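Engineer: For reference, this is run_1.txt, and it has compact mmCIF, C-alpha atoms.
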```txt
# COMPACT_ATOMS: atom_id res chain seq x y z
CA MET A 1 46.52 -3.40 -31.16
CA GLN A 2 43.05 -1.88 -31.53
CA HIS A 3 42.11 0.61 -28.83
CA THR A 4 38.83 -0.13 -27.04
CA PRO A 5 36.86 3.07 -26.39
CA ARG A 6 36.10 3.90 -22.79
CA HIS A 7 32.53 3.38 -21.61
CA ARG A 8 30.99 6.82 -21.23
CA ILE A 9 28.97 7.32 -18.06
CA VAL A 10 27.24 10.67 -17.57
CA VAL A 11 25.69 11.55 -14.22
CA LEU A 12 23.16 14.40 -14.24
CA GLY A 13 22.91 16.30 -10.97
CA ALA A 14 25.34 16.57 -8.05
CA GLY A 15 23.00 16.46 -5.10
CA TYR A 16 23.41 13.70 -2.55
CA ALA A 17 22.31 10.95 -4.94
CA GLY A 18 24.20 12.09 -8.04
CA ALA A 19 27.43 12.92 -6.24
CA VAL A 20 27.41 9.63 -4.33
CA ALA A 21 26.70 7.66 -7.51
CA ALA A 22 29.60 9.32 -9.34
CA GLY A 23 32.00 8.73 -6.46
CA ARG A 24 30.99 5.10 -6.03
CA LEU A 25 31.41 4.44 -9.76
CA ALA A 26 34.89 5.99 -9.57
CA ARG A 27 35.71 3.48 -6.84
CA ARG A 28 34.27 0.57 -8.80
CA LEU A 29 35.66 1.11 -12.30
CA ARG A 30 39.13 1.60 -13.75
CA ARG A 31 39.83 4.99 -15.28
CA GLU A 32 41.21 3.44 -18.46
CA ASP A 33 37.91 1.64 -19.00
CA ALA A 34 35.30 4.20 -18.02
CA ALA A 35 34.95 7.95 -18.64
CA LEU A 36 32.86 9.52 -15.85
CA THR A 37 31.26 12.95 -16.28
CA LEU A 38 29.25 14.69 -13.55
CA VAL A 39 27.02 17.54 -14.74
CA ASN A 40 25.62 20.12 -12.33
CA ALA A 41 24.16 23.59 -12.79
CA GLU A 42 25.92 25.04 -9.74
CA PRO A 43 29.66 24.81 -8.92
CA HIS A 44 29.06 23.86 -5.28
CA PHE A 45 27.46 20.94 -3.50
CA VAL A 46 24.55 22.11 -1.36
CA GLU A 47 23.66 20.29 1.87
CA ARG A 48 19.96 20.26 1.22
CA VAL A 49 19.19 18.83 4.65
CA ARG A 50 20.60 22.03 6.16
CA THR A 51 18.90 24.70 4.04
CA HIS A 52 16.70 25.68 7.01
CA GLN A 53 19.91 26.53 8.86
CA LEU A 54 21.15 28.57 5.92
CA ALA A 55 17.86 30.47 5.85
CA VAL A 56 18.25 31.77 9.42
CA GLY A 57 21.77 33.09 8.90
CA GLN A 58 24.01 30.15 9.72
CA ASP A 59 26.92 29.65 7.35
CA LEU A 60 27.47 26.24 5.79
CA ARG A 61 30.82 24.91 4.74
CA ALA A 62 31.62 25.61 1.08
CA ARG A 63 32.07 22.43 -0.94
CA PRO A 64 33.26 23.23 -4.50
CA LEU A 65 32.60 20.27 -6.78
CA ASP A 66 35.88 20.66 -8.67
CA GLU A 67 37.80 20.32 -5.41
CA MET A 68 35.69 17.42 -4.17
CA PHE A 69 36.25 15.41 -7.33
CA ALA A 70 39.85 16.45 -8.01
CA ASN A 71 42.05 13.45 -8.86
CA THR A 72 39.12 11.03 -8.75
CA GLY A 73 38.77 10.44 -12.46
CA VAL A 74 35.38 12.21 -12.48
CA ASP A 75 35.16 15.11 -14.92
CA VAL A 76 32.95 17.85 -13.42
CA ARG A 77 30.99 19.88 -15.95
CA ILE A 78 29.21 23.00 -14.69
CA ALA A 79 26.22 23.31 -16.98
CA ARG A 80 22.45 23.26 -16.99
CA VAL A 81 20.76 20.28 -18.60
CA THR A 82 18.24 21.42 -21.21
CA GLY A 83 17.30 18.08 -22.72
CA VAL A 84 18.00 14.37 -22.92
CA ASP A 85 17.74 12.52 -26.24
CA VAL A 86 17.39 8.90 -25.19
CA ASP A 87 17.30 7.69 -28.80
CA ARG A 88 20.60 9.29 -29.70
CA LYS A 89 22.03 8.80 -26.19
CA ALA A 90 22.94 12.46 -25.86
CA VAL A 91 22.47 15.10 -23.16
CA LEU A 92 21.90 18.70 -24.21
CA VAL A 93 23.54 21.26 -21.93
CA THR A 94 24.22 24.95 -21.71
CA GLY A 95 26.80 26.64 -19.53
CA PRO A 96 29.61 29.18 -19.35
CA ASP A 97 31.17 27.68 -22.46
CA GLY A 98 27.94 27.80 -24.43
CA ALA A 99 25.50 25.12 -25.53
CA GLY A 100 26.54 21.64 -26.53
CA GLU A 101 25.86 17.99 -26.01
CA LEU A 102 27.40 15.06 -24.16
CA ALA A 103 27.17 11.57 -25.59
CA TYR A 104 26.74 8.69 -23.19
CA ASP A 105 26.68 4.92 -23.11
CA THR A 106 25.15 4.84 -19.63
CA LEU A 107 23.20 7.71 -18.10
CA VAL A 108 22.51 8.27 -14.41
CA TYR A 109 19.63 10.71 -14.01
CA ALA A 110 19.81 12.48 -10.64
CA LEU A 111 18.31 15.91 -11.28
CA GLY A 112 16.27 15.63 -8.12
CA SER A 113 13.34 17.82 -7.20
CA ALA A 114 12.31 21.37 -6.35
CA TRP A 115 9.53 22.92 -4.32
CA ASP A 116 5.94 22.21 -5.36
CA PRO A 117 3.65 25.29 -5.43
CA GLN A 118 0.72 22.90 -6.11
CA ASP A 119 -1.02 25.51 -8.27
CA VAL A 120 -2.12 27.40 -5.16
CA PRO A 121 -2.75 31.07 -6.06
CA GLY A 122 -0.07 33.47 -4.86
CA VAL A 123 2.54 30.88 -3.89
CA VAL A 124 4.96 31.61 -6.71
CA GLU A 125 4.55 35.37 -6.33
CA HIS A 126 4.68 35.68 -2.54
CA ALA A 127 6.02 32.55 -0.83
CA HIS A 128 9.60 31.54 -0.08
CA GLU A 129 11.05 28.05 -0.46
CA ILE A 130 14.05 26.25 1.02
CA ALA A 131 14.26 23.28 -1.35
CA GLY A 132 17.58 24.64 -2.64
CA GLY A 133 20.42 26.92 -1.69
CA ARG A 134 19.25 29.93 -3.71
CA GLY A 135 15.79 29.86 -2.20
CA ALA A 136 17.24 29.55 1.30
CA LEU A 137 19.48 32.57 0.70
CA ARG A 138 16.53 34.66 -0.52
CA LEU A 139 14.61 33.74 2.62
CA ARG A 140 17.69 34.52 4.69
CA GLU A 141 17.79 38.04 3.30
CA ARG A 142 14.08 38.52 3.90
CA LEU A 143 14.22 37.30 7.48
CA ALA A 144 17.26 39.43 8.23
CA GLY A 145 15.29 42.52 7.30
CA LEU A 146 12.18 41.54 9.23
CA GLU A 147 11.36 43.70 12.25
CA ALA A 148 10.52 42.26 15.66
CA GLY A 149 6.90 41.29 16.10
CA ARG A 150 6.36 40.40 12.46
CA SER A 151 4.73 37.13 11.47
CA VAL A 152 6.14 34.09 9.68
CA VAL A 153 3.90 31.24 8.53
CA VAL A 154 5.41 27.93 7.51
CA VAL A 155 2.98 26.02 5.30
CA GLY A 156 3.41 22.25 5.48
CA GLY A 157 3.62 19.89 8.42
CA GLY A 158 6.14 17.42 7.03
CA LEU A 159 9.77 17.05 8.03
CA THR A 160 10.90 20.16 6.15
CA GLY A 161 8.14 22.30 7.67
CA LEU A 162 8.85 21.13 11.22
CA GLU A 163 12.56 21.84 10.85
CA ALA A 164 12.00 25.25 9.23
CA ALA A 165 9.49 26.44 11.85
CA SER A 166 11.69 25.29 14.73
CA GLU A 167 14.84 26.82 13.30
CA ILE A 168 13.24 30.18 12.57
CA ALA A 169 11.56 30.36 15.98
CA GLU A 170 14.79 29.52 17.80
CA ALA A 171 16.92 31.95 15.78
CA ARG A 172 14.33 34.74 15.88
CA PRO A 173 12.33 34.53 19.14
CA ASP A 174 11.17 38.07 18.44
CA LEU A 175 9.01 36.88 15.54
CA ASP A 176 5.53 35.36 15.61
CA VAL A 177 6.11 31.95 14.01
CA SER A 178 3.30 29.57 13.10
CA LEU A 179 2.90 26.39 11.06
CA THR A 180 -0.09 25.05 9.15
CA ALA A 181 -0.55 21.29 8.68
CA ARG A 182 -3.21 19.51 6.65
CA GLY A 183 -3.46 16.86 9.36
CA GLY A 184 -2.60 16.73 13.02
CA LEU A 185 0.81 18.00 14.12
CA GLY A 186 3.24 15.16 13.52
CA ASP A 187 0.34 12.73 13.13
CA TRP A 188 2.57 10.09 11.53
CA LEU A 189 4.89 9.97 14.57
CA SER A 190 4.67 7.70 17.59
CA PRO A 191 2.87 9.02 20.69
CA LYS A 192 6.25 9.76 22.28
CA GLY A 193 7.38 11.61 19.18
CA ARG A 194 4.19 13.69 19.01
CA ARG A 195 4.44 14.63 22.68
CA HIS A 196 8.01 15.80 22.27
CA LEU A 197 7.19 17.77 19.14
CA ARG A 198 4.37 19.61 20.90
CA LYS A 199 6.60 20.27 23.90
CA VAL A 200 9.32 21.83 21.73
CA PHE A 201 6.84 23.90 19.72
CA ALA A 202 5.34 25.22 22.94
CA ALA A 203 8.78 26.12 24.33
CA LEU A 204 9.70 27.92 21.10
CA GLY A 205 6.35 29.71 20.89
CA VAL A 206 5.36 28.16 17.55
CA THR A 207 1.62 28.19 16.92
CA ALA A 208 0.33 25.11 15.09
CA TYR A 209 -2.76 25.35 12.89
CA GLU A 210 -3.75 21.71 12.59
CA ASN A 211 -6.08 20.16 9.99
CA THR A 212 -5.67 23.36 8.03
CA ALA A 213 -5.13 23.67 4.29
CA VAL A 214 -3.85 26.93 2.79
CA THR A 215 -5.72 27.85 -0.39
CA GLU A 216 -4.16 31.22 -1.20
CA VAL A 217 -1.03 33.21 -0.37
CA ALA A 218 -0.98 37.01 -0.38
CA ALA A 219 1.80 39.48 0.36
CA ASP A 220 0.88 39.80 4.03
CA HIS A 221 -1.35 36.81 4.85
CA VAL A 222 -2.42 33.32 3.88
CA VAL A 223 -6.00 32.16 3.42
CA THR A 224 -7.12 28.81 4.76
CA ALA A 225 -9.80 26.49 3.34
CA ASP A 226 -12.44 27.87 5.71
CA GLY A 227 -11.75 31.43 4.58
CA THR A 228 -9.67 32.50 7.58
CA ALA A 229 -6.90 35.02 6.88
CA VAL A 230 -3.76 34.28 8.90
CA PRO A 231 -1.24 37.17 9.07
CA ALA A 232 2.01 36.33 7.31
CA ASP A 233 4.64 38.95 6.60
CA VAL A 234 6.70 36.00 5.34
CA THR A 235 5.30 32.71 4.05
CA VAL A 236 7.56 29.67 3.76
CA TRP A 237 6.10 26.97 1.48
CA THR A 238 7.15 23.41 2.40
CA THR A 239 4.21 21.27 1.27
CA GLY A 240 6.26 18.82 -0.76
CA PHE A 241 8.57 18.40 -3.71
CA ALA A 242 8.08 18.12 -7.46
CA VAL A 243 10.59 16.46 -9.75
CA HIS A 244 12.36 18.28 -12.57
CA PRO A 245 9.96 18.35 -15.55
CA LEU A 246 12.70 17.30 -17.95
CA ALA A 247 12.13 13.58 -17.42
CA LYS A 248 8.61 13.75 -18.86
CA ALA A 249 9.97 15.09 -22.14
CA THR A 250 12.60 12.39 -22.63
CA GLY A 251 10.51 9.44 -23.74
CA LEU A 252 11.41 7.54 -20.59
CA ASP A 253 8.63 5.68 -18.80
CA VAL A 254 7.56 8.02 -15.98
CA SER A 255 4.83 8.07 -13.35
CA ASP A 256 1.94 10.53 -13.30
CA THR A 257 4.13 12.76 -11.10
CA GLY A 258 7.04 12.66 -13.57
CA ARG A 259 9.32 10.30 -11.64
CA ILE A 260 11.27 7.80 -13.74
CA VAL A 261 10.00 4.25 -13.25
CA VAL A 262 12.91 1.94 -12.39
CA ASP A 263 13.49 -1.71 -11.50
CA ALA A 264 15.20 -3.05 -8.39
CA THR A 265 18.62 -1.99 -9.73
CA MET A 266 17.44 1.59 -10.42
CA ARG A 267 17.48 0.97 -14.17
CA SER A 268 14.76 2.53 -16.31
CA VAL A 269 12.11 -0.03 -17.20
CA SER A 270 11.89 1.44 -20.70
CA HIS A 271 15.53 2.30 -21.48
CA PRO A 272 18.14 -0.11 -20.07
CA ASP A 273 21.03 2.32 -20.60
CA VAL A 274 19.42 4.87 -18.25
CA TYR A 275 19.39 4.71 -14.45
CA ALA A 276 17.54 7.08 -12.13
CA VAL A 277 18.38 7.78 -8.48
CA GLY A 278 17.17 10.01 -5.68
CA ASP A 279 13.98 12.03 -5.92
CA ALA A 280 13.82 11.58 -9.70
CA ALA A 281 13.30 7.81 -9.39
CA LEU A 282 10.08 5.97 -8.64
CA ALA A 283 11.76 3.11 -6.82
CA ALA A 284 10.12 0.40 -4.73
CA GLY A 285 11.13 -0.23 -1.15
CA PRO A 286 10.07 -3.05 1.17
CA GLY A 287 6.67 -4.48 0.30
CA GLY A 288 6.68 -2.63 -3.02
CA LYS A 289 5.94 0.70 -1.32
CA PRO A 290 7.52 3.62 -3.25
CA LEU A 291 10.49 5.24 -1.54
CA ARG A 292 9.79 8.78 -0.40
CA MET A 293 11.75 11.76 -1.66
CA SER A 294 14.53 12.21 0.88
CA CYS A 295 18.26 11.96 1.46
CA ALA A 296 17.50 8.72 3.31
CA SER A 297 16.22 7.27 0.02
CA GLY A 298 18.61 9.04 -2.34
CA VAL A 299 21.91 7.71 -1.04
CA PRO A 300 20.86 4.01 -0.98
CA THR A 301 19.45 4.29 -4.51
CA ALA A 302 22.75 5.81 -5.62
CA TRP A 303 24.66 2.89 -4.11
CA GLN A 304 22.28 0.46 -5.80
CA ALA A 305 22.59 2.06 -9.23
CA ALA A 306 26.37 2.42 -9.11
CA ASP A 307 26.87 -1.17 -7.99
CA ALA A 308 24.46 -2.43 -10.67
CA ILE A 309 26.18 -0.46 -13.42
CA ALA A 310 29.59 -1.71 -12.31
CA ALA A 311 28.33 -5.29 -12.08
CA ARG A 312 26.86 -5.24 -15.57
CA LEU A 313 30.01 -3.73 -17.04
CA THR A 314 32.49 -5.98 -15.22
CA GLY A 315 30.58 -9.25 -15.05
CA GLY A 316 30.03 -9.02 -11.30
CA LYS A 317 26.99 -9.90 -9.20
CA LEU A 318 24.02 -7.57 -9.26
CA PRO A 319 23.05 -6.02 -5.91
CA LYS A 320 19.99 -7.62 -4.32
CA VAL A 321 19.52 -5.43 -1.25
CA THR A 322 16.21 -3.56 -1.17
CA PRO A 323 16.63 -0.01 0.17
CA ARG A 324 14.89 0.33 3.53
CA TYR A 325 14.37 2.84 6.32
CA PHE A 326 15.58 2.80 9.91
CA ASN A 327 14.56 6.17 11.32
CA GLN A 328 13.40 9.68 10.54
CA CYS A 329 15.80 12.35 11.81
CA ILE A 330 14.25 15.71 12.63
CA SER A 331 16.14 18.73 13.93
CA LEU A 332 14.05 21.06 16.08
CA GLY A 333 16.48 23.94 16.30
CA ARG A 334 20.09 23.53 17.36
CA GLY A 335 19.42 22.18 20.83
CA GLN A 336 16.53 19.79 20.28
CA GLY A 337 15.86 16.89 17.98
CA LEU A 338 13.60 13.93 17.35
CA ILE A 339 14.70 10.56 16.01
CA GLN A 340 11.62 8.55 15.17
CA TYR A 341 12.43 4.88 14.65
CA VAL A 342 10.44 3.27 11.84
CA THR A 343 9.78 -0.05 10.15
CA ALA A 344 11.59 -0.98 6.94
CA ASP A 345 8.74 0.60 4.94
CA ASP A 346 8.84 3.85 6.96
CA ARG A 347 6.00 3.41 9.48
CA ALA A 348 6.61 4.76 12.97
CA VAL A 349 7.17 2.37 15.85
CA GLY A 350 6.84 3.20 19.53
CA ALA A 351 10.51 3.97 20.11
CA ALA A 352 11.87 7.50 19.65
CA LEU A 353 14.95 9.38 20.75
CA THR A 354 14.33 12.95 21.88
CA GLY A 355 16.05 16.02 23.27
CA ARG A 356 19.68 17.05 23.10
CA LEU A 357 20.89 13.53 22.36
CA ALA A 358 18.59 13.38 19.34
CA ALA A 359 19.96 16.72 18.12
CA LEU A 360 23.50 15.34 18.35
CA TYR A 361 22.41 12.19 16.52
CA LYS A 362 20.87 14.23 13.70
CA GLU A 363 24.02 16.35 13.46
CA LEU A 364 26.13 13.21 13.16
CA VAL A 365 23.88 11.92 10.37
CA CYS A 366 24.18 15.21 8.46
CA LYS A 367 27.94 15.32 8.86
CA SER A 368 28.31 11.69 7.79
CA ALA A 369 26.24 12.28 4.66
CA ALA A 370 28.27 15.37 3.75
CA TRP A 371 31.54 13.54 4.42
CA GLY A 372 30.49 10.75 2.08
CA VAL A 373 29.85 13.25 -0.69
CA ALA A 374 32.96 15.34 -0.02
CA ASN A 375 35.23 12.28 -0.07
CA PRO A 376 33.93 10.48 -3.15
CA THR A 377 36.69 7.90 -3.55
CA LEU A 378 37.26 7.02 0.10
CA GLY A 379 35.62 4.11 1.86
CA ILE A 380 34.36 0.90 0.35
CA PRO A 381 34.30 -0.43 -2.30
CA THR A 382 37.84 0.40 -3.44
CA ARG A 383 38.65 -2.46 -5.80
CA ARG A 384 38.39 -1.25 -9.37
CA ARG A 385 37.49 -3.96 -11.85
CA PRO A 386 38.09 -4.01 -15.61
CA VAL A 387 35.16 -3.47 -17.94
CA THR A 388 34.36 -6.71 -19.76
CA ALA A 389 31.13 -5.70 -21.50
CA PRO A 390 31.25 -5.34 -25.29
CA ALA A 391 32.43 -1.98 -26.61
CA PRO A 392 29.46 0.39 -27.11
CA GLU A 393 28.25 1.40 -30.52
CA PRO A 394 29.09 5.01 -31.44
CA ALA A 395 26.17 7.36 -30.80
CA PRO A 396 24.41 8.53 -33.99
CA THR A 397 25.15 12.08 -35.04
CA LEU A 398 22.85 14.85 -36.15
```
Can you dump the structure from the file as structure tokens?

Structural biologist:
Amino acid sequence: MQHTPRHRIVVLGAGYAGAVAAGRLARRLRREDAALTLVNAEPHFVERVRTHQLAVGQDLRARPLDEMFANTGVDVRIARVTGVDVDRKAVLVTGPDGAGELAYDTLVYALGSAWDPQDVPGVVEHAHEIAGGRGALRLRERLAGLEAGRSVVVVGGGLTGLEAASEIAEARPDLDVSLTARGGLGDWLSPKGRRHLRKVFAALGVTAYENTAVTEVAADHVVTADGTAVPADVTVWTTGFAVHPLAKATGLDVSDTGRIVVDATMRSVSHPDVYAVGDAALAAGPGGKPLRMSCASGVPTAWQAADAIAARLTGGKLPKVTPRYFNQCISLGRGQGLIQYVTADDRAVGAALTGRLAALYKELVCKSAAWGVANPTLGIPTRRRPVTAPAPEPAPTL
């Protein structure tokens, strides 16, 4: 009897989206039919939504990927992705065992994003970032050595900036903490949400520079668009995220920001054997509005992609649920929080949960997300279906 080769699925990146996609595929497909490989540059899963906590000295639970995916059928490969050849269906990697390549039949691209210096002079040289674990640890070391009375400026008034400024001010009340925002403080929130945010900032002693753009970062200050120099012994840059530049070099159809353009099932519009999830994907939400870069977008896109891949391989029904939003969860230190309820396309409504209860809510959300990643083959779906799609053609060789 002729042996049918297993369908090779390679997942690039083990952040929230990549790890969830790999785990969900392991629950959907039989091991004898599908070979699942998860590639990540670091050996541990990093709770990105908690990097502001890591930066102020709090310890996060270690989550080794090899332990998380033990006995799941997912082969974890610790390596850095250096290229993707979409014509040959091969991923180029380098790691402890040297350089090599991984052939795939289906690729899930989940390399995510990093901080975006936005070509502002001095940012790369002088600013800190908390978009990843390494950056958060560098900031942690810098803050630990900072004397009382020194100044910290958080640049960026989005969710990451609000959480970073609050966390630093609460953990280090002896520092002069401020935040710069291009618009009004929390101007996208409901009136109730804005009032609570201002109340917490006032209690923590955080100074907000509103309608202020930073045009230069120096070693001990930042310069705003009107030429004002704001003292900053430490600058934390949180103005947004930029996707990994690798996607632009692959030949995949990408947006002007480098995000991979996908259809409703998270499949590349130019290469049907490639799926993109999380921050790397330009995916449409309700009303065709692009999903924002966030854990709230990443996990649903991972579910969508995994279910679509499994459906196409096993003859099942394609998922038809459009990812949507329910709320924005903001931690404002350990004792305060803000849950802003939103429309399906992420616009604030009047209702908001505030205070200690909101902090507990946010903590529950973070723990639930981490639990889902750390227990990749638990939960639904659990029925593994046989692969019925035709056997893939062997990948061409060099």

Engineer: So how many Å separate CA of Ser178 in chain A and CA of Ala208 in chain A, to one decimal?

Structural biologist: 5.7 Å

Engineer: Could you give me, as CSV, every range 281-384 of chain A residue with an atom at most 12 Å from range 100-108 of chain A, plus its closest atom pair and distance in Å to one decimal, counting only C-alpha atoms, rows ordered by chain then number?

Structural biologist:
```
residue,atom,partner,partner_atom,distance
A:Ala281,CA,A:Val108,CA,10.5
A:Thr301,CA,A:Val108,CA,11.1
A:Ala302,CA,A:Val108,CA,9.1
A:Trp303,CA,A:Val108,CA,11.8
A:Gln304,CA,A:Val108,CA,11.6
A:Ala305,CA,A:Val108,CA,8.1
A:Ala306,CA,A:Val108,CA,8.8
A:Ala308,CA,A:Val108,CA,11.5
A:Ile309,CA,A:Thr106,CA,8.2
A:Ala310,CA,A:Thr106,CA,10.8
A:Arg312,CA,A:Thr106,CA,11.0
A:Leu313,CA,A:Thr106,CA,10.2
```

Engineer: Calculate how many Å separate CA of Tyr341 in chain A from CA of Ser297 in chain A, rounding to one decimal.

Structural biologist: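 Going from CA of Tyr341 in chain A over to CA of Ser297 in chain A, I get 15.3 Å.
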
Engineer: With only C-alpha atoms as the counted atoms, please give the residues lying no more than 12 Å from Leu357 in chain A, apart from itself and same-chain residues fewer than 5 positions off, as a PDB file with C-alpha atoms, in the frame of the given file.

Structural biologist:
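Okay, out_27.pdb is ready:
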```
ATOM      1  CA  CYS A 329      15.800  12.350  11.810  1.00  0.00           C
ATOM      2  CA  ILE A 330      14.250  15.710  12.630  1.00  0.00           C
ATOM      3  CA  SER A 331      16.140  18.730  13.930  1.00  0.00           C
ATOM      4  CA  LEU A 332      14.050  21.060  16.080  1.00  0.00           C
ATOM      5  CA  ARG A 334      20.090  23.530  17.360  1.00  0.00           C
ATOM      6  CA  GLY A 335      19.420  22.180  20.830  1.00  0.00           C
ATOM      7  CA  GLN A 336      16.530  19.790  20.280  1.00  0.00           C
ATOM      8  CA  GLY A 337      15.860  16.890  17.980  1.00  0.00           C
ATOM      9  CA  LEU A 338      13.600  13.930  17.350  1.00  0.00           C
ATOM     10  CA  ILE A 339      14.700  10.560  16.010  1.00  0.00           C
ATOM     11  CA  ALA A 352      11.870   7.500  19.650  1.00  0.00           C
ATOM     12  CA  LYS A 362      20.870  14.230  13.700  1.00  0.00           C
ATOM     13  CA  GLU A 363      24.020  16.350  13.460  1.00  0.00           C
ATOM     14  CA  LEU A 364      26.130  13.210  13.160  1.00  0.00           C
TER      15      LEU A 364
END
```

Engineer: Considering only C-alpha atoms, can you say which of A:Val155, A:Val349, A:Ala369, A:Leu36 comes closest to Pro117 in chain A?

Structural biologist: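 Among the listed residues, A:Val155 lies closest to Pro117 in chain A.
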
Engineer: Could you jot down the CA of Ala22 in chain A to CA of Pro286 in chain A separation for me, Å, one decimal place?

Structural biologist: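 Separation of CA of Ala22 in chain A and CA of Pro286 in chain A: 25.4 Å.
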
Engineer: Within 12 Å of (15.4, -2.0, -6.5), in the coordinates the file gives, what residues turn up when you count only C-alpha atoms, written out as a ChimeraX atom specification?

Structural biologist: /A:261-269,275-277,281-291,297,300-305,307-308,318-324

Engineer: Between A:Ala219, A:Thr377, A:Pro173, A:Tyr361, which one has atoms that come closest to Phe201 in chain A, using all atoms listed in the file?

Structural biologist: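 Answer, going by the shortest atom-to-atom distance: A:Pro173.
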
Engineer: Looking at only C-alpha atoms, which of A:Lys317, A:Ser270, A:Cys295, A:Leu146 is the one that sits closest to Ser368 in chain A?

Structural biologist: A:Cys295

Engineer: Quick one: residues within 12 Å of Gln53 in chain A, all atoms listed in the file counted, chain neighbours fewer than 6 positions away excluded, as number ranges by chain?

Structural biologist: A: 47, 59-61, 130, 132-133, 136-137, 139-140, 160, 163-171, 331-334, 363

Engineer: So which one's closest to Ser113 in chain A, A:Arg150, A:Val56, A:His196, A:Ala131? Using all atoms listed in the file, please.

Structural biologist: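 With all atoms listed in the file as the atom set, the closest residue is A:Ala131.
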
Engineer: Could you list, as a list in words, every residue within 8 Å of Val74 in chain A, counting all atoms listed in the file and ignoring same-chain residues fewer than 6 positions away?

Structural biologist: Ala22, Gly23, Ala26, Ala35, Leu36, Thr37 and Leu38 of chain A

Engineer: Quick one: of A:Asp253, A:Asp75, A:His244, A:Pro191, who's nearest to Asp116 in chain A, counting all atoms listed in the file?

Structural biologist: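 Of the candidates, the smallest distance to Asp116 in chain A is held by A:His244.
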
Engineer: Need to verify the contact set: Gly156 in chain A, 6 Å, all atoms listed in the file, exclusion of same-chain residues closer than 2 positions in sequence. Can you return it as a PyMOL selection string?

Structural biologist: chain A and resi 158+161+180-181+238-239

Engineer: Counting all atoms listed in the file, which of A:Tyr209, A:Val222, A:Thr388, A:Phe45 gets nearest to Val120 in chain A?

Structural biologist: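 Looking only at the distances to Val120 in chain A, the closest residue turns out to be A:Val222.
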
Engineer: Might I get the box with edges along x, y and z of the file that holds all atoms of range 205-220 of chain A listed there, padded by 8 Å on every side, given as centre and edge lengths in Å to one decimal, as JSON?

Structural biologist:
```
{"center_x": 0.1, "center_y": 30.0, "center_z": 9.8, "size_x": 28.4, "size_y": 35.6, "size_z": 38.1}
```

Engineer: Scan for residues within 12 Å of the point (3.5, 12.3, 17.4) in the coordinates of the file, using all atoms listed in the file, and reply as a ChimeraX atom specification.

Structural biologist: /A:157-158,183-200,338-341,348-352,354

Engineer: Take the structure in the block and write a file for range 61-72 of chain A, C-alpha atoms, as an mmCIF file, in the first residue's frame.

Structural biologist:
```
data_model
loop_
_atom_site.group_PDB
_atom_site.id
_atom_site.type_symbol
_atom_site.label_atom_id
_atom_site.label_comp_id
_atom_site.auth_asym_id
_atom_site.auth_seq_id
_atom_site.Cartn_x
_atom_site.Cartn_y
_atom_site.Cartn_z
ATOM 1 C CA ARG A 61 5.672 33.251 34.620
ATOM 2 C CA ALA A 62 8.156 31.405 32.405
ATOM 3 C CA ARG A 63 6.462 29.572 29.545
ATOM 4 C CA PRO A 64 8.995 27.423 27.612
ATOM 5 C CA LEU A 65 7.610 26.554 24.195
ATOM 6 C CA ASP A 66 8.965 23.004 24.257
ATOM 7 C CA GLU A 67 7.047 22.323 27.460
ATOM 8 C CA MET A 68 3.883 24.013 26.218
ATOM 9 C CA PHE A 69 3.779 21.941 23.050
ATOM 10 C CA ALA A 70 5.088 18.664 24.491
ATOM 11 C CA ASN A 71 2.986 15.688 23.370
ATOM 12 C CA THR A 72 0.795 17.839 21.126
#
```
